[in-house]
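Peer 1: Just protein.cif, nothing more (mmCIF, C-alpha atoms):
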```cif
data_structure
#
loop_
_atom_site.label_atom_id
_atom_site.label_comp_id
_atom_site.auth_asym_id
_atom_site.auth_seq_id
_atom_site.Cartn_x
_atom_site.Cartn_y
_atom_site.Cartn_z
CA MET A 1 110.68 177.83 5.41
CA ASN A 2 108.94 174.66 6.47
CA LYS A 3 108.53 172.45 3.37
CA GLU A 4 107.14 169.68 5.52
CA ILE A 5 103.77 171.35 5.84
CA VAL A 6 102.89 170.57 2.20
CA GLY A 7 100.31 167.78 2.19
CA GLN A 8 99.43 168.31 5.85
CA LYS A 9 95.72 168.34 6.56
CA THR A 10 93.92 169.83 9.50
CA ASP A 11 91.19 168.16 11.51
CA PRO A 12 87.85 168.72 9.75
CA LYS A 13 85.67 171.38 11.36
CA THR A 14 81.92 171.82 11.08
CA VAL A 15 79.93 175.04 10.89
CA VAL A 16 76.28 175.98 10.37
CA VAL A 17 75.60 178.61 7.71
CA GLU A 18 73.46 180.96 9.82
CA ALA A 19 70.80 183.13 8.16
CA GLY A 20 71.37 186.04 10.57
CA ARG A 21 75.09 185.98 9.85
CA LEU A 22 74.46 186.04 6.10
CA ILE A 23 72.22 189.11 6.45
CA LEU A 24 74.80 190.85 8.65
CA TYR A 25 77.46 190.06 6.03
CA ALA A 26 75.23 191.39 3.24
CA GLU A 27 74.76 194.62 5.19
CA ALA A 28 78.47 194.88 5.99
CA THR A 29 79.37 194.52 2.31
CA GLY A 30 76.87 197.15 1.15
CA GLN A 31 74.72 194.56 -0.60
CA LYS A 32 71.63 196.10 -2.21
CA ASP A 33 70.24 192.95 -3.87
CA PRO A 34 67.23 191.90 -1.73
CA VAL A 35 67.86 188.22 -2.54
CA TYR A 36 70.72 188.37 0.01
CA LEU A 37 68.85 190.42 2.61
CA SER A 38 65.44 188.79 2.85
CA GLU A 39 64.41 185.14 2.87
CA LYS A 40 61.11 186.14 1.27
CA GLU A 41 62.87 187.87 -1.64
CA ALA A 42 65.23 184.91 -2.01
CA ARG A 43 62.24 182.57 -2.38
CA LYS A 44 60.71 184.91 -4.98
CA ALA A 45 63.92 184.52 -7.00
CA GLY A 46 63.56 180.73 -6.92
CA HIS A 47 65.87 179.96 -4.02
CA PRO A 48 64.67 177.64 -1.22
CA THR A 49 65.98 180.15 1.33
CA LEU A 50 68.77 182.75 1.67
CA PRO A 51 71.67 181.89 -0.66
CA MET A 52 75.19 182.13 0.76
CA PRO A 53 77.07 184.77 -1.26
CA PRO A 54 80.11 183.60 -3.26
CA THR A 55 82.74 185.15 -1.00
CA PHE A 56 81.24 184.09 2.33
CA MET A 57 83.09 180.79 1.83
CA SER A 58 86.23 182.51 3.11
CA CYS A 59 84.38 183.71 6.22
CA LEU A 60 83.36 180.16 7.11
CA ASN A 61 87.02 179.34 7.70
CA ALA A 62 87.21 182.15 10.25
CA ILE A 63 83.81 181.49 11.85
CA ALA A 64 84.07 177.71 12.27
CA PRO A 65 85.58 176.83 15.63
CA PRO A 66 88.37 176.55 16.58
CA LYS A 67 88.85 180.18 15.53
CA ASP A 68 92.55 180.05 14.80
CA ILE A 69 94.30 181.24 11.70
CA LEU A 70 95.76 178.07 10.33
CA VAL A 71 98.68 179.47 8.39
CA LEU A 72 99.88 181.54 11.33
CA LYS A 73 99.52 178.77 13.83
CA ARG A 74 101.30 176.14 11.74
CA LEU A 75 104.13 178.44 10.70
CA GLY A 76 104.46 180.40 13.94
CA VAL A 77 104.10 183.71 12.09
CA ASP A 78 102.90 187.03 13.49
CA ILE A 79 99.68 188.35 11.93
CA SER A 80 101.19 191.76 11.08
CA ARG A 81 103.59 190.03 8.64
CA VAL A 82 100.91 188.33 6.57
CA LEU A 83 99.28 189.68 3.41
CA HIS A 84 96.57 188.02 1.39
CA GLY A 85 97.87 187.13 -2.08
CA GLU A 86 95.08 185.33 -3.90
CA GLU A 87 91.72 183.72 -3.30
CA GLU A 88 90.27 181.26 -5.82
CA TYR A 89 86.80 179.75 -5.46
CA GLU A 90 85.06 176.88 -7.22
CA TYR A 91 81.31 176.43 -6.84
CA PHE A 92 79.80 172.98 -7.34
CA GLU A 93 76.41 173.43 -5.65
CA GLN A 94 74.64 176.51 -4.30
CA ILE A 95 75.08 176.79 -0.50
CA TYR A 96 72.11 178.03 1.57
CA ALA A 97 71.35 179.28 5.06
CA GLY A 98 70.85 176.28 7.34
CA ASP A 99 73.39 174.10 5.55
CA VAL A 100 75.85 172.36 7.83
CA LEU A 101 79.26 172.30 6.20
CA THR A 102 82.41 170.41 7.04
CA LEU A 103 85.63 172.21 6.17
CA GLN A 104 88.92 170.47 5.56
CA ASP A 105 92.15 172.40 5.00
CA GLU A 106 95.23 171.07 3.28
CA PHE A 107 98.50 172.88 2.65
CA THR A 108 99.29 172.55 -1.07
CA ASP A 109 102.44 174.63 -1.60
CA ILE A 110 105.10 176.75 0.06
CA PHE A 111 107.90 178.60 -1.71
CA GLU A 112 110.10 181.69 -1.45
CA LYS A 113 110.16 184.79 -3.63
CA LYS A 114 112.48 187.79 -3.96
CA GLY A 115 115.49 185.85 -2.73
CA GLY A 116 113.74 184.66 0.40
CA ALA A 117 112.32 188.05 1.40
CA LEU A 118 108.81 186.67 0.93
CA THR A 119 107.37 183.26 1.70
CA ILE A 120 104.29 182.22 -0.27
CA VAL A 121 101.95 179.64 1.25
CA LYS A 122 98.95 178.05 -0.46
CA TRP A 123 96.25 175.93 1.04
CA LYS A 124 93.03 174.39 -0.16
CA THR A 125 89.77 174.16 1.75
CA THR A 126 87.00 171.76 0.75
CA TYR A 127 83.40 172.37 1.81
CA THR A 128 81.17 169.31 2.16
CA ASN A 129 77.50 169.42 3.15
CA GLU A 130 75.65 167.13 5.57
CA LYS A 131 74.71 164.82 2.67
CA GLY A 132 78.41 164.28 1.96
CA VAL A 133 78.31 166.35 -1.25
CA LEU A 134 81.37 168.46 -2.07
CA VAL A 135 79.69 171.84 -2.63
CA GLY A 136 82.70 174.09 -3.03
CA GLN A 137 86.45 174.49 -2.87
CA LYS A 138 88.82 177.36 -2.25
CA VAL A 139 92.55 177.91 -2.64
CA SER A 140 94.07 180.73 -0.58
CA THR A 141 97.50 182.22 -1.08
CA MET A 142 99.18 184.12 1.73
CA VAL A 143 102.33 186.23 1.47
CA ILE A 144 104.53 186.37 4.55
CA ARG A 145 106.81 189.40 4.71
CA MET B 1 67.27 190.25 -12.64
CA ASN B 2 67.61 190.64 -16.40
CA GLN B 3 67.72 187.28 -18.12
CA LEU B 4 70.79 187.48 -20.32
CA LYS B 5 70.86 185.22 -23.36
CA TYR B 6 74.10 183.50 -24.31
CA ASP B 7 73.77 184.49 -27.99
CA GLU B 8 73.48 188.14 -27.02
CA ILE B 9 76.79 188.14 -25.17
CA HIS B 10 79.93 188.95 -27.13
CA VAL B 11 83.64 188.83 -26.43
CA GLY B 12 84.70 192.35 -25.47
CA ASP B 13 81.37 193.20 -23.80
CA SER B 14 81.73 195.10 -20.53
CA LEU B 15 79.62 194.34 -17.47
CA PRO B 16 77.77 197.25 -15.86
CA GLU B 17 80.24 198.82 -13.40
CA HIS B 18 79.61 198.42 -9.69
CA SER B 19 80.82 200.86 -7.02
CA CYS B 20 80.68 200.78 -3.25
CA GLU B 21 80.25 203.61 -0.77
CA PRO B 22 83.55 205.12 0.50
CA ILE B 23 85.07 202.72 3.04
CA SER B 24 84.85 204.17 6.55
CA ARG B 25 86.25 202.88 9.84
CA ALA B 26 82.70 201.82 10.66
CA THR B 27 82.59 199.78 7.41
CA LEU B 28 85.73 197.92 8.49
CA ALA B 29 84.47 197.31 12.03
CA LEU B 30 81.17 195.97 10.71
CA TYR B 31 82.94 193.84 8.10
CA ALA B 32 85.31 192.43 10.73
CA GLY B 33 82.37 191.38 12.89
CA ALA B 34 80.37 189.92 10.02
CA SER B 35 83.25 188.07 8.37
CA GLY B 36 85.04 186.81 11.47
CA ASP B 37 88.30 188.41 10.27
CA PHE B 38 89.52 190.28 13.32
CA ASN B 39 93.02 191.04 12.02
CA PRO B 40 93.85 194.27 13.93
CA MET B 41 95.66 195.72 10.87
CA HIS B 42 92.17 196.54 9.57
CA ILE B 43 90.46 197.86 12.69
CA ASP B 44 93.07 199.11 15.14
CA THR B 45 94.96 202.24 14.03
CA ASP B 46 97.43 201.95 16.92
CA PHE B 47 98.32 198.41 15.88
CA ALA B 48 98.62 199.35 12.18
CA LYS B 49 100.97 202.27 13.03
CA LYS B 50 103.07 200.08 15.29
CA ASN B 51 103.49 197.73 12.34
CA GLY B 52 104.70 200.22 9.77
CA MET B 53 101.44 201.39 8.20
CA ASN B 54 100.16 204.99 8.22
CA ASP B 55 96.65 203.84 9.07
CA VAL B 56 94.34 200.85 8.95
CA PHE B 57 93.47 199.57 5.47
CA ALA B 58 90.52 197.60 4.13
CA HIS B 59 90.28 193.81 4.21
CA GLY B 60 91.14 192.40 0.77
CA LEU B 61 88.13 190.15 1.08
CA LEU B 62 85.83 193.18 1.40
CA SER B 63 86.80 194.26 -2.12
CA THR B 64 86.48 190.61 -3.17
CA ALA B 65 82.88 190.76 -1.95
CA TYR B 66 82.24 194.00 -3.89
CA LEU B 67 83.69 192.43 -7.03
CA ALA B 68 81.48 189.35 -6.55
CA GLN B 69 78.47 191.71 -6.42
CA LEU B 70 79.41 192.83 -9.94
CA LEU B 71 78.89 189.19 -10.95
CA THR B 72 75.68 188.54 -9.01
CA ASN B 73 74.22 191.83 -10.28
CA TRP B 74 74.86 190.52 -13.81
CA VAL B 75 73.71 186.90 -13.50
CA ASP B 76 72.11 184.60 -10.93
CA GLN B 77 74.71 183.33 -8.45
CA ARG B 78 73.81 179.72 -9.37
CA GLN B 79 75.45 180.33 -12.78
CA LEU B 80 78.82 181.03 -11.16
CA ILE B 81 81.30 178.18 -11.75
CA SER B 82 84.50 179.76 -10.47
CA TYR B 83 85.82 183.11 -9.28
CA GLY B 84 89.36 184.09 -8.43
CA VAL B 85 91.13 187.26 -7.34
CA ARG B 86 94.68 188.44 -6.87
CA PHE B 87 95.34 191.22 -4.38
CA VAL B 88 97.65 193.65 -6.16
CA ALA B 89 97.48 196.77 -3.95
CA ILE B 90 96.22 197.75 -0.53
CA THR B 91 92.84 199.52 -0.34
CA PRO B 92 93.30 202.53 1.95
CA ILE B 93 90.69 203.77 4.39
CA HIS B 94 88.13 206.18 2.79
CA ALA B 95 88.65 204.67 -0.69
CA THR B 96 85.76 204.10 -3.08
CA VAL B 97 86.09 200.79 -4.91
CA THR B 98 84.86 200.50 -8.50
CA CYS B 99 84.45 197.02 -9.96
CA LYS B 100 84.74 196.23 -13.65
CA GLY B 101 84.39 193.14 -15.80
CA LYS B 102 84.79 192.18 -19.43
CA VAL B 103 83.88 189.09 -21.45
CA VAL B 104 87.13 187.59 -22.75
CA GLU B 105 85.99 184.22 -24.09
CA LYS B 106 82.91 182.20 -24.94
CA VAL B 107 83.57 178.52 -24.50
CA HIS B 108 81.82 175.21 -23.83
CA ILE B 109 82.89 173.49 -20.62
CA ASN B 110 81.58 169.94 -20.09
CA GLY B 111 79.07 170.66 -22.85
CA GLU B 112 77.71 173.77 -21.12
CA PRO B 113 77.91 177.20 -22.77
CA CYS B 114 80.09 179.41 -20.56
CA VAL B 115 81.68 182.83 -20.62
CA LYS B 116 85.04 183.73 -19.13
CA LEU B 117 85.43 187.15 -17.59
CA ASP B 118 88.39 189.36 -16.71
CA LEU B 119 87.71 191.38 -13.59
CA SER B 120 89.27 194.25 -11.73
CA ALA B 121 88.65 196.55 -8.80
CA GLU B 122 90.19 199.98 -8.60
CA ILE B 123 90.20 202.90 -6.19
CA ASP B 124 89.62 206.64 -6.73
CA ASP B 125 93.04 207.45 -8.23
CA GLY B 126 92.75 204.57 -10.71
CA THR B 127 95.08 202.21 -8.83
CA LYS B 128 94.08 198.60 -9.42
CA THR B 129 93.63 196.81 -6.11
CA LEU B 130 92.31 193.49 -7.39
CA THR B 131 92.56 191.61 -10.62
CA GLY B 132 90.41 188.57 -11.13
CA ASN B 133 88.57 186.16 -13.34
CA ALA B 134 85.34 184.22 -13.34
CA VAL B 135 83.56 181.54 -15.32
CA ILE B 136 79.79 181.84 -15.72
CA SER B 137 77.58 179.06 -17.07
CA PHE B 138 74.62 179.73 -19.31
CA GLY B 139 73.59 176.07 -19.33
CA GLN B 140 71.74 174.30 -16.56
CA THR B 141 71.83 176.16 -13.29
CA LYS B 142 72.74 174.48 -10.05
CA SER B 143 70.06 173.40 -7.63
#
```
Taking this structure as input, can you express it in the form of structure tokens?
Peer 2:
Amino acid sequence: MNKEIVGQKTDPKTVVVEAGRLILYAEATGQKDPVYLSEKEARKAGHPTLPMPPTFMSCLNAIAPPKDILVLKRLGVDISRVLHGEEEYEYFEQIYAGDVLTLQDEFTDIFEKKGGALTIVKWKTTYTNEKGVLVGQKVSTMVIR
Amino acid sequence: MNQLKYDEIHVGDSLPEHSCEPISRATLALYAGASGDFNPMHIDTDFAKKNGMNDVFAHGLLSTAYLAQLLTNWVDQRQLISYGVRFVAITPIHATVTCKGKVVEKVHINGEPCVKLDLSAEIDDGTKTLTGNAVISFGQTKS
């Protein structure tokens, strides 16, 4: 277990919230609400354009280049040994298609469970828009077998 | 969307349930592409078997998305303050996920009327796959 990673931050990475990607995601998740499938319907519901759904925040981490999986890379762990434990989101402002977000990851905790059989790692991602406003935050927990 | 009034919501109220279509291999392939999560444990049966599983299983974040739809079917997304899930069991291929929510508290946060929800997702045999919580504001919505 590498305690030293707590407090380590990654280089910030920037990603555009693409409308086409949001619609693909809505389709992939069986979304029936037209607000998430059509810009026109989103406007009718009082949105300036397509809203980013609440859970797409996690996808931004995977989509934003470089496309590496932080926890695996930093800990040198094989992907088949990792299970998702928890995902906790906070929403400060609504995120929309076209927004340009900067993501910053920081490891916040690492500890062992079941006498060292499992390692639990937590990290926080902040999402800041092009105006410098913190629009959301996420804490992910991964379980390494 | 129905415009829920804060006064009409009571502790113990259940949200209308939300179910997805049975999860197929095509669902997982499409989700992998859309989400950017290409973990082969979810899309490559050979890889899953090599790593001790009987078959591929669904991405936890796919069920997290279904459970979020329970929330956005109930209120406008701009009312969502926080949402959290814990992954408690694997969702096998072909499962149908049913999402449930219940009002557990009415509370003012920073002067805004809010409700706290307990959430869960379960599969066909009743196994809980996700437990979760959310806070919804009934005050000013976000821009």
Peer 1: Could you expand the PyMOL selection byres ((chain A) within 10 of (chain B)) into the explicit residues it covers here, written as a ChimeraX atom specification?
Peer 2: /A:20-33,45-48,51-64,67,69,79-95,136-141
Peer 1: Here's the selection I'm unsure about, the PyMOL selection byres ((chain A and resi 12) around 9); applied to the file above, which residues does it give, as a ChimeraX atom specification?
Peer 2: /A:9-11,13-14,102-105
Peer 1: I want to know what sits within 8 Å of Val56 in chain B, based on all atoms listed in the file, with residues of the same chain fewer than 4 positions away left out; could you give that as a list of chain:residue names?
Peer 2: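 The residues that qualify are B:Met41, B:His42, B:Ile43, B:Asp44, B:Thr45, B:Ala48, B:Lys49, B:Pro92, B:Ile93.
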Peer 1: CA of Phe57 in chain B and CA of Ser24 in chain B, how far apart in Å?
Peer 2: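 Going from CA of Ser24 in chain B over to CA of Phe57 in chain B covers 9.8 Å.
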Peer 1: Pull out every residue that the PyMOL selection byres ((chain B and resi 96) around 8) matches in the shown coordinates and put them as a list in words.
Peer 2: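 Applying the expression gives Ser19, Cys20, Glu21, Pro22, Ile23, His94, Ala95, Val97, Thr98, Ile123 and Asp124 of chain B.
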Peer 1: Take the point (79.4, 195.3, -18.9) in the file's coordinates, draw a sphere of radius 9 Å around it, and report as a PDB file with C-alpha atoms, in the coordinates of the input every protein, DNA or RNA residue with an atom inside or on it, counting all atoms listed in the file.
Peer 2:
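Wrote it out as out-v8.pdb, contents follow:
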```pdb
ATOM      1  CA  GLY B  12      84.700 192.350 -25.470  1.00  0.00           C
ATOM      2  CA  ASP B  13      81.370 193.200 -23.800  1.00  0.00           C
ATOM      3  CA  SER B  14      81.730 195.100 -20.530  1.00  0.00           C
ATOM      4  CA  LEU B  15      79.620 194.340 -17.470  1.00  0.00           C
ATOM      5  CA  PRO B  16      77.770 197.250 -15.860  1.00  0.00           C
ATOM      6  CA  GLU B  17      80.240 198.820 -13.400  1.00  0.00           C
ATOM      7  CA  TRP B  74      74.860 190.520 -13.810  1.00  0.00           C
ATOM      8  CA  LYS B 100      84.740 196.230 -13.650  1.00  0.00           C
ATOM      9  CA  GLY B 101      84.390 193.140 -15.800  1.00  0.00           C
ATOM     10  CA  LYS B 102      84.790 192.180 -19.430  1.00  0.00           C
ATOM     11  CA  VAL B 103      83.880 189.090 -21.450  1.00  0.00           C
TER      12      VAL B 103
END
```
Peer 1: How many Å lie between CA of Met1 in chain A and CA of Trp123 in chain A, rounded to one decimal?
Peer 2: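 These two atoms are separated by 15.2 Å.
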